[in-house]
Amino acid sequence: MSNFKDSTLNGERGAQDAKPALQDRSIGHIIAEANNLTAEQVERILAHQRAKGLKFGEAAVALGLAKGEDVLWALSQQFHYPYAPGGGKLPSEDLVLANKPFSHQAEAFRVLRSQINMQLFNADEPRRAIAVISHDSGDGKTFFAANMAIAFSQLGGRTLLVDADMRNPRQHSVFGIENNSGLSGILSGRSEANVIRPVADLPSLFVMPVGTQPPNPMELVERPAFGLLMRELVSKFDYVIVDTPAATYGADYAVIAARCGAALALARKGTTRVNAVHDLVATLKNSPAKLAGVIMNEY
C-alpha cells in the first residue's frame, strides 16, 4: 500500500523505548512518585509499614497518602498490565478493560480473549484480522471491538483497532482521538500520514479511525486496496480488530469480514432475533472468513 504511511506509529514506538522502565522499580517508588510524596511522608509510611506488618501500598492507603487504585496502577506497571491510571480515565466509560480492569465485565472479555487466542492465533493458523459483525446498530459492536482490542493489547502485543464502520463511525469518539484522516482517505487513494494514532495510557494499543465519512463506503471496501491494506496491517501488528457497519446497512460487513479472514458475530440479549444470527452465519459460510464464534452481549 504505497499510500499508507506509518510515521506516527514508528515515532511513538521510539518514544516508548526511551521511557524509563517502571516495572524495574519497587512498588513504593512508583507510588511515591505518582503521588508526589515527600521524603517525610515516605518515612511515615515506612514506619507504619514496620509497625503494622503491612505492605508499602497498604500502609500508604491506611495513612490516606494514596488510594487503592494508585496501588493497583503501580502493580500494573510492574506486571506489564497497562490500563488508565486512577484519576485519569479514558474518555468513554464503555472502555471497561481500561477504566475498570478488575470488574466482572473485564474478566468476561479476558475469557473471550483466551478462547479467540486458542482458536485463531496459533502456529497452525494463517495470520488474520478479526471483524466484529452484527445484524443491527445498537448491538454493541463498537463497545465490544474497543474492549477486545484493549484486552489483546494488555497481553503486550502491538494491537490495532480499525474503525471500518464508514456509515456510523464512533471509535474516534470513544478513544478521544482526532478523526481528520484515516481509513477512508487511504482507500480513496489519498496519501495520508498519521492515520494510526496511539492511545494514551495503553502503550500497546493503536487506533485507525475512519477519517472523513465517505458517500460510497461499500465501493471503498470492495476495492482491492482494502484487502492489500489488511494484509499489510496484519503483518505489522500482532493483533488487528476491525469494527464494521451493521448488516442492516448493506453487505459492507461481509466484504470487510472476507478481507479480514475471521469474524466474531455479536447478538444483543433480548433484542436480536435468532433468524438474524442465522443469516449472518450463513453469509459467512459463503465467504473466505472463518467464523470464530457468536457472542451474546448482555451489556
# chains A, B, ... in the order shown; residues from 1 in each chain; ligands from 1

$ select_by_dssp --residues "stretch 77-220 of chain A" --states "strand (DSSP E)" --output "PyMOL selection string"
chain A and resi 129-134+159-163+197-199+202-208

$ residues_around --residues "A:Gly57" --least-positions-apart "6" --cutoff "8 Å" --atoms "only C-alpha atoms" --output "compact mmCIF listing (two decimals) with N, CA and C atoms, in the first residue's frame"
# COMPACT_ATOMS: atom_id res chain seq x y z
N ILE A 27 7.35 -1.06 44.12
CA ILE A 27 6.00 -0.51 44.25
C ILE A 27 6.06 0.81 45.01
N GLY A 28 6.87 0.84 46.08
CA GLY A 28 6.97 2.05 46.88
C GLY A 28 7.46 3.24 46.08
N ILE A 31 4.59 4.39 43.68
CA ILE A 31 3.51 5.08 44.39
C ILE A 31 3.96 6.46 44.85
N ALA A 66 -2.32 7.65 49.81
CA ALA A 66 -2.53 7.05 48.49
C ALA A 66 -3.90 6.40 48.49
N GLY A 68 -6.48 3.19 46.90
CA GLY A 68 -6.38 1.80 46.47
C GLY A 68 -6.08 1.67 44.99
N VAL A 71 -2.44 1.96 44.12
CA VAL A 71 -1.68 0.73 44.34
C VAL A 71 -1.88 -0.22 43.17

$ residues_around --residues "stretch 145-147 of chain A" --least-positions-apart "5" --cutoff "7 Å" --atoms "only C-alpha atoms" --output "list in words"
Leu95, Val96, Leu97, Val132, Ile241, Val242 and Asp243 of chain A

$ write_last_selection --atoms "N, CA and C atoms" --output "compact mmCIF listing (two decimals), in the first residue's frame"
# COMPACT_ATOMS: atom_id res chain seq x y z
N LEU A 95 -15.11 1.77 28.01
CA LEU A 95 -13.82 1.10 27.94
C LEU A 95 -13.52 0.43 29.28
N VAL A 96 -14.25 -0.63 29.57
CA VAL A 96 -14.16 -1.25 30.89
C VAL A 96 -12.80 -1.89 31.13
N LEU A 97 -12.14 -2.41 30.08
CA LEU A 97 -10.83 -3.03 30.27
C LEU A 97 -9.79 -2.01 30.69
N VAL A 132 -15.61 -7.59 13.74
CA VAL A 132 -16.72 -7.72 14.67
C VAL A 132 -17.99 -7.31 13.93
N ILE A 241 -8.11 -5.77 15.22
CA ILE A 241 -9.55 -5.88 15.45
C ILE A 241 -10.25 -4.82 14.59
N VAL A 242 -11.33 -5.20 13.91
CA VAL A 242 -11.98 -4.30 12.95
C VAL A 242 -13.46 -4.13 13.29
N ASP A 243 -13.86 -2.89 13.52
CA ASP A 243 -15.28 -2.56 13.74
C ASP A 243 -15.95 -2.43 12.38

$ atom_distance --atom1 "atom CA of A:Ser204" --atom2 "atom CA of A:Asp252"
28.4 Å

$ atom_distance --atom1 "atom CA of A:His29" --atom2 "atom CA of A:Ala200"
22.2 Å

$ residues_around --residues "A:Ala246" --least-positions-apart "5" --cutoff "9 Å" --atoms "only C-alpha atoms" --output "PyMOL selection string"
chain A and resi 133-139+141+165+167+251-253

$ closest_residue --among "A:Ala254, A:Thr159, A:Ser181, A:Met166" --to "A:Leu220" --atoms "only C-alpha atoms"
A:Met166

$ select_by_dssp --residues "stretch 26-67 of chain A" --states "helix (DSSP H, G or I)" --output "list of chain:residue names"
A:Ile27, A:Gly28, A:His29, A:Ile30, A:Ile31, A:Ala32, A:Glu33, A:Ala34, A:Ala39, A:Glu40, A:Gln41, A:Val42, A:Glu43, A:Arg44, A:Ile45, A:Leu46, A:Ala47, A:His48, A:Gln49, A:Arg50, A:Ala51, A:Lys52, A:Phe56, A:Gly57, A:Glu58, A:Ala59, A:Ala60, A:Val61, A:Ala62

$ write_last_selection --atoms "N, CA and C atoms" --output "tab-separated table (two decimals), in the first residue's frame"
chain	number	residue	atom	x	y	z
A	27	ILE	N	7.35	-1.06	44.12
A	27	ILE	CA	6.00	-0.51	44.25
A	27	ILE	C	6.06	0.81	45.01
A	28	GLY	N	6.87	0.84	46.08
A	28	GLY	CA	6.97	2.05	46.88
A	28	GLY	C	7.46	3.24	46.08
A	29	HIS	N	8.48	3.04	45.25
A	29	HIS	CA	8.99	4.14	44.43
A	29	HIS	C	7.94	4.64	43.46
A	30	ILE	N	7.20	3.70	42.83
A	30	ILE	CA	6.19	4.08	41.85
A	30	ILE	C	5.07	4.87	42.51
A	31	ILE	N	4.59	4.39	43.68
A	31	ILE	CA	3.51	5.08	44.39
A	31	ILE	C	3.96	6.46	44.85
A	32	ALA	N	5.17	6.53	45.39
A	32	ALA	CA	5.69	7.80	45.90
A	32	ALA	C	5.81	8.83	44.79
A	33	GLU	N	6.31	8.40	43.63
A	33	GLU	CA	6.48	9.33	42.51
A	33	GLU	C	5.13	9.75	41.95
A	34	ALA	N	4.21	8.79	41.79
A	34	ALA	CA	2.89	9.10	41.20
A	34	ALA	C	2.09	10.05	42.07
A	39	ALA	N	9.77	13.18	51.22
A	39	ALA	CA	10.60	12.23	51.96
A	39	ALA	C	10.02	11.97	53.35
A	40	GLU	N	9.46	13.01	53.97
A	40	GLU	CA	8.85	12.85	55.28
A	40	GLU	C	7.64	11.92	55.22
A	41	GLN	N	6.82	12.08	54.18
A	41	GLN	CA	5.63	11.23	54.03
A	41	GLN	C	6.04	9.78	53.79
A	42	VAL	N	7.07	9.58	52.98
A	42	VAL	CA	7.56	8.22	52.73
A	42	VAL	C	8.03	7.58	54.03
A	43	GLU	N	8.74	8.35	54.86
A	43	GLU	CA	9.21	7.83	56.15
A	43	GLU	C	8.04	7.45	57.05
A	44	ARG	N	6.97	8.27	57.03
A	44	ARG	CA	5.78	7.94	57.82
A	44	ARG	C	5.18	6.61	57.36
A	45	ILE	N	5.12	6.43	56.05
A	45	ILE	CA	4.57	5.18	55.51
A	45	ILE	C	5.43	3.99	55.91
A	46	LEU	N	6.76	4.15	55.81
A	46	LEU	CA	7.66	3.06	56.16
A	46	LEU	C	7.55	2.70	57.64
A	47	ALA	N	7.41	3.72	58.49
A	47	ALA	CA	7.27	3.47	59.92
A	47	ALA	C	5.97	2.72	60.20
A	48	HIS	N	4.87	3.14	59.55
A	48	HIS	CA	3.58	2.48	59.73
A	48	HIS	C	3.64	1.06	59.18
A	49	GLN	N	4.35	0.88	58.07
A	49	GLN	CA	4.51	-0.44	57.47
A	49	GLN	C	5.20	-1.40	58.44
A	50	ARG	N	6.28	-0.92	59.06
A	50	ARG	CA	7.02	-1.77	60.01
A	50	ARG	C	6.19	-2.06	61.26
A	51	ALA	N	5.49	-1.05	61.73
A	51	ALA	CA	4.73	-1.20	62.98
A	51	ALA	C	3.55	-2.15	62.83
A	52	LYS	N	2.91	-2.13	61.67
A	52	LYS	CA	1.69	-2.92	61.46
A	52	LYS	C	1.92	-4.18	60.63
A	56	PHE	N	3.89	-1.74	51.62
A	56	PHE	CA	4.01	-0.29	51.47
A	56	PHE	C	2.70	0.33	50.98
A	57	GLY	N	2.10	-0.28	49.96
A	57	GLY	CA	0.86	0.27	49.42
A	57	GLY	C	-0.25	0.28	50.44
A	58	GLU	N	-0.37	-0.80	51.21
A	58	GLU	CA	-1.40	-0.88	52.24
A	58	GLU	C	-1.19	0.20	53.30
A	59	ALA	N	0.07	0.42	53.68
A	59	ALA	CA	0.36	1.43	54.68
A	59	ALA	C	0.05	2.82	54.16
A	60	ALA	N	0.35	3.07	52.88
A	60	ALA	CA	0.09	4.38	52.28
A	60	ALA	C	-1.40	4.66	52.24
A	61	VAL	N	-2.19	3.65	51.91
A	61	VAL	CA	-3.64	3.80	51.87
A	61	VAL	C	-4.18	4.03	53.27
A	62	ALA	N	-3.68	3.29	54.25
A	62	ALA	CA	-4.15	3.42	55.63
A	62	ALA	C	-3.90	4.82	56.17

$ residues_around --residues "stretch 267-282 of chain A" --least-positions-apart "2" --cutoff "7 Å" --atoms "only C-alpha atoms" --output "JSON, numbers by chain"
{"A": [134, 135, 139, 265, 284, 285, 286, 295, 296, 297, 298]}

$ closest_residue --among "A:Val174, A:Val162, A:Leu229, A:Ala258" --to "A:Ile196" --atoms "only C-alpha atoms"
A:Val162

$ atom_distance --atom1 "atom CA of A:Val199" --atom2 "atom CA of A:Leu161"
10.4 Å

$ decode --residues "stretch 153-285 of chain A" --atoms "C-alpha atoms" --output "PDB file, in the first residue's frame"
ATOM      1  CA  SER A 153      -3.099  -5.021  23.872  1.00  0.00           C
ATOM      2  CA  GLN A 154      -2.782  -5.927  27.554  1.00  0.00           C
ATOM      3  CA  LEU A 155      -1.009  -9.120  26.502  1.00  0.00           C
ATOM      4  CA  GLY A 156       1.839  -6.860  25.396  1.00  0.00           C
ATOM      5  CA  GLY A 157       1.476  -7.434  21.650  1.00  0.00           C
ATOM      6  CA  ARG A 158       1.062  -4.434  19.368  1.00  0.00           C
ATOM      7  CA  THR A 159      -2.673  -4.187  18.713  1.00  0.00           C
ATOM      8  CA  LEU A 160      -4.555  -2.118  16.144  1.00  0.00           C
ATOM      9  CA  LEU A 161      -8.253  -1.262  16.243  1.00  0.00           C
ATOM     10  CA  VAL A 162      -9.547  -0.297  12.796  1.00  0.00           C
ATOM     11  CA  ASP A 163     -12.828   1.588  12.521  1.00  0.00           C
ATOM     12  CA  ALA A 164     -14.229   0.301   9.229  1.00  0.00           C
ATOM     13  CA  ASP A 165     -17.769   1.466  10.021  1.00  0.00           C
ATOM     14  CA  MET A 166     -17.781   4.239   7.460  1.00  0.00           C
ATOM     15  CA  ARG A 167     -21.563   4.630   7.811  1.00  0.00           C
ATOM     16  CA  ASN A 168     -21.619   5.455  11.525  1.00  0.00           C
ATOM     17  CA  PRO A 169     -18.032   5.772  12.846  1.00  0.00           C
ATOM     18  CA  ARG A 170     -17.618   6.067  16.614  1.00  0.00           C
ATOM     19  CA  GLN A 171     -14.248   4.711  17.698  1.00  0.00           C
ATOM     20  CA  HIS A 172     -12.573   8.135  17.468  1.00  0.00           C
ATOM     21  CA  SER A 173     -15.134   9.491  19.946  1.00  0.00           C
ATOM     22  CA  VAL A 174     -14.773   6.508  22.265  1.00  0.00           C
ATOM     23  CA  PHE A 175     -10.992   6.947  22.485  1.00  0.00           C
ATOM     24  CA  GLY A 176     -10.951  10.734  22.237  1.00  0.00           C
ATOM     25  CA  ILE A 177      -8.648  10.880  19.207  1.00  0.00           C
ATOM     26  CA  GLU A 178      -8.591  13.118  16.134  1.00  0.00           C
ATOM     27  CA  ASN A 179     -10.542  11.992  13.083  1.00  0.00           C
ATOM     28  CA  ASN A 180      -9.251  14.262  10.342  1.00  0.00           C
ATOM     29  CA  SER A 181      -7.560  11.414   8.470  1.00  0.00           C
ATOM     30  CA  GLY A 182      -7.975   7.665   8.426  1.00  0.00           C
ATOM     31  CA  LEU A 183      -9.238   4.611   6.580  1.00  0.00           C
ATOM     32  CA  SER A 184     -11.442   6.407   4.044  1.00  0.00           C
ATOM     33  CA  GLY A 185      -8.549   8.547   2.855  1.00  0.00           C
ATOM     34  CA  ILE A 186      -6.300   5.536   2.318  1.00  0.00           C
ATOM     35  CA  LEU A 187      -8.956   3.656   0.351  1.00  0.00           C
ATOM     36  CA  SER A 188      -9.690   6.767  -1.726  1.00  0.00           C
ATOM     37  CA  GLY A 189      -6.076   6.813  -2.866  1.00  0.00           C
ATOM     38  CA  ARG A 190      -5.000   9.866  -0.902  1.00  0.00           C
ATOM     39  CA  SER A 191      -1.530   9.874   0.603  1.00  0.00           C
ATOM     40  CA  GLU A 192      -2.224  10.466   4.297  1.00  0.00           C
ATOM     41  CA  ALA A 193       0.131  10.456   7.258  1.00  0.00           C
ATOM     42  CA  ASN A 194      -0.760   9.935  10.919  1.00  0.00           C
ATOM     43  CA  VAL A 195      -3.693   7.648  10.176  1.00  0.00           C
ATOM     44  CA  ILE A 196      -2.710   5.371  13.069  1.00  0.00           C
ATOM     45  CA  ARG A 197      -2.994   7.014  16.453  1.00  0.00           C
ATOM     46  CA  PRO A 198      -1.599   5.828  19.790  1.00  0.00           C
ATOM     47  CA  VAL A 199      -3.908   5.591  22.798  1.00  0.00           C
ATOM     48  CA  ALA A 200      -2.796   7.410  25.939  1.00  0.00           C
ATOM     49  CA  ASP A 201      -2.040   5.136  28.922  1.00  0.00           C
ATOM     50  CA  LEU A 202      -2.324   1.991  26.765  1.00  0.00           C
ATOM     51  CA  PRO A 203       1.087   1.844  25.083  1.00  0.00           C
ATOM     52  CA  SER A 204       0.467  -1.296  23.015  1.00  0.00           C
ATOM     53  CA  LEU A 205      -2.833  -0.071  21.536  1.00  0.00           C
ATOM     54  CA  PHE A 206      -3.323   1.992  18.376  1.00  0.00           C
ATOM     55  CA  VAL A 207      -6.473   3.123  16.552  1.00  0.00           C
ATOM     56  CA  MET A 208      -7.094   3.812  12.869  1.00  0.00           C
ATOM     57  CA  PRO A 209     -10.233   5.998  12.680  1.00  0.00           C
ATOM     58  CA  VAL A 210     -12.449   6.364   9.628  1.00  0.00           C
ATOM     59  CA  GLY A 211     -11.425   9.934   8.851  1.00  0.00           C
ATOM     60  CA  THR A 212     -13.754  11.788   6.504  1.00  0.00           C
ATOM     61  CA  GLN A 213     -17.066   9.932   6.250  1.00  0.00           C
ATOM     62  CA  PRO A 214     -17.384   8.952   2.549  1.00  0.00           C
ATOM     63  CA  PRO A 215     -20.531   8.846   0.404  1.00  0.00           C
ATOM     64  CA  ASN A 216     -19.539   5.441  -1.064  1.00  0.00           C
ATOM     65  CA  PRO A 217     -18.460   3.150   1.809  1.00  0.00           C
ATOM     66  CA  MET A 218     -19.454  -0.081   0.066  1.00  0.00           C
ATOM     67  CA  GLU A 219     -17.415   0.712  -3.025  1.00  0.00           C
ATOM     68  CA  LEU A 220     -14.380   1.614  -0.928  1.00  0.00           C
ATOM     69  CA  VAL A 221     -14.225  -1.687   0.968  1.00  0.00           C
ATOM     70  CA  GLU A 222     -14.764  -3.643  -2.269  1.00  0.00           C
ATOM     71  CA  ARG A 223     -11.669  -2.118  -3.855  1.00  0.00           C
ATOM     72  CA  PRO A 224      -8.518  -4.281  -3.936  1.00  0.00           C
ATOM     73  CA  ALA A 225      -6.818  -1.583  -1.842  1.00  0.00           C
ATOM     74  CA  PHE A 226      -8.752  -2.678   1.245  1.00  0.00           C
ATOM     75  CA  GLY A 227      -7.553  -6.265   1.007  1.00  0.00           C
ATOM     76  CA  LEU A 228      -3.973  -5.085   0.450  1.00  0.00           C
ATOM     77  CA  LEU A 229      -4.218  -2.765   3.439  1.00  0.00           C
ATOM     78  CA  MET A 230      -5.485  -5.516   5.731  1.00  0.00           C
ATOM     79  CA  ARG A 231      -2.641  -7.817   4.703  1.00  0.00           C
ATOM     80  CA  GLU A 232      -0.134  -5.075   5.448  1.00  0.00           C
ATOM     81  CA  LEU A 233      -1.659  -4.265   8.834  1.00  0.00           C
ATOM     82  CA  VAL A 234      -1.720  -7.930   9.857  1.00  0.00           C
ATOM     83  CA  SER A 235       1.982  -8.169   9.007  1.00  0.00           C
ATOM     84  CA  LYS A 236       2.823  -5.112  11.142  1.00  0.00           C
ATOM     85  CA  PHE A 237       0.674  -5.763  14.217  1.00  0.00           C
ATOM     86  CA  ASP A 238       0.282  -8.762  16.479  1.00  0.00           C
ATOM     87  CA  TYR A 239      -3.500  -8.308  16.632  1.00  0.00           C
ATOM     88  CA  VAL A 240      -5.913  -6.392  14.399  1.00  0.00           C
ATOM     89  CA  ILE A 241      -9.551  -5.881  15.449  1.00  0.00           C
ATOM     90  CA  VAL A 242     -11.977  -4.303  12.953  1.00  0.00           C
ATOM     91  CA  ASP A 243     -15.277  -2.558  13.737  1.00  0.00           C
ATOM     92  CA  THR A 244     -17.895  -2.875  10.958  1.00  0.00           C
ATOM     93  CA  PRO A 245     -21.280  -1.432   9.922  1.00  0.00           C
ATOM     94  CA  ALA A 246     -24.447  -3.267  10.915  1.00  0.00           C
ATOM     95  CA  ALA A 247     -25.771  -5.797   8.404  1.00  0.00           C
ATOM     96  CA  THR A 248     -28.972  -3.764   8.050  1.00  0.00           C
ATOM     97  CA  TYR A 249     -26.950  -1.081   6.197  1.00  0.00           C
ATOM     98  CA  GLY A 250     -25.882  -3.470   3.446  1.00  0.00           C
ATOM     99  CA  ALA A 251     -23.215  -6.025   2.620  1.00  0.00           C
ATOM    100  CA  ASP A 252     -20.264  -3.931   3.832  1.00  0.00           C
ATOM    101  CA  TYR A 253     -19.777  -6.158   6.880  1.00  0.00           C
ATOM    102  CA  ALA A 254     -19.489  -9.332   4.770  1.00  0.00           C
ATOM    103  CA  VAL A 255     -16.903  -7.803   2.441  1.00  0.00           C
ATOM    104  CA  ILE A 256     -14.888  -6.500   5.397  1.00  0.00           C
ATOM    105  CA  ALA A 257     -15.026  -9.877   7.161  1.00  0.00           C
ATOM    106  CA  ALA A 258     -13.827 -11.636   3.992  1.00  0.00           C
ATOM    107  CA  ARG A 259     -10.838  -9.275   3.731  1.00  0.00           C
ATOM    108  CA  CYS A 260     -10.049  -9.731   7.433  1.00  0.00           C
ATOM    109  CA  GLY A 261     -10.138 -13.517   7.265  1.00  0.00           C
ATOM    110  CA  ALA A 262     -12.055 -14.022  10.511  1.00  0.00           C
ATOM    111  CA  ALA A 263     -15.192 -12.690  12.180  1.00  0.00           C
ATOM    112  CA  LEU A 264     -16.992 -12.640  15.510  1.00  0.00           C
ATOM    113  CA  ALA A 265     -20.780 -12.317  15.269  1.00  0.00           C
ATOM    114  CA  LEU A 266     -22.443 -10.286  18.009  1.00  0.00           C
ATOM    115  CA  ALA A 267     -26.054 -10.552  19.173  1.00  0.00           C
ATOM    116  CA  ARG A 268     -27.778  -8.441  21.818  1.00  0.00           C
ATOM    117  CA  LYS A 269     -29.626 -10.308  24.538  1.00  0.00           C
ATOM    118  CA  GLY A 270     -33.382  -9.778  24.370  1.00  0.00           C
ATOM    119  CA  THR A 271     -33.179  -7.887  21.070  1.00  0.00           C
ATOM    120  CA  THR A 272     -31.507  -9.835  18.275  1.00  0.00           C
ATOM    121  CA  ARG A 273     -33.717 -12.434  16.588  1.00  0.00           C
ATOM    122  CA  VAL A 274     -32.392 -15.942  16.011  1.00  0.00           C
ATOM    123  CA  ASN A 275     -33.111 -15.681  12.272  1.00  0.00           C
ATOM    124  CA  ALA A 276     -30.876 -12.608  12.062  1.00  0.00           C
ATOM    125  CA  VAL A 277     -27.968 -14.540  13.601  1.00  0.00           C
ATOM    126  CA  HIS A 278     -28.585 -17.434  11.227  1.00  0.00           C
ATOM    127  CA  ASP A 279     -28.415 -15.027   8.289  1.00  0.00           C
ATOM    128  CA  LEU A 280     -25.055 -13.666   9.462  1.00  0.00           C
ATOM    129  CA  VAL A 281     -23.619 -17.152   9.873  1.00  0.00           C
ATOM    130  CA  ALA A 282     -24.958 -18.298   6.502  1.00  0.00           C
ATOM    131  CA  THR A 283     -23.416 -15.317   4.758  1.00  0.00           C
ATOM    132  CA  LEU A 284     -20.005 -16.044   6.254  1.00  0.00           C
ATOM    133  CA  LYS A 285     -20.187 -19.693   5.146  1.00  0.00           C
TER     134      LYS A 285
END
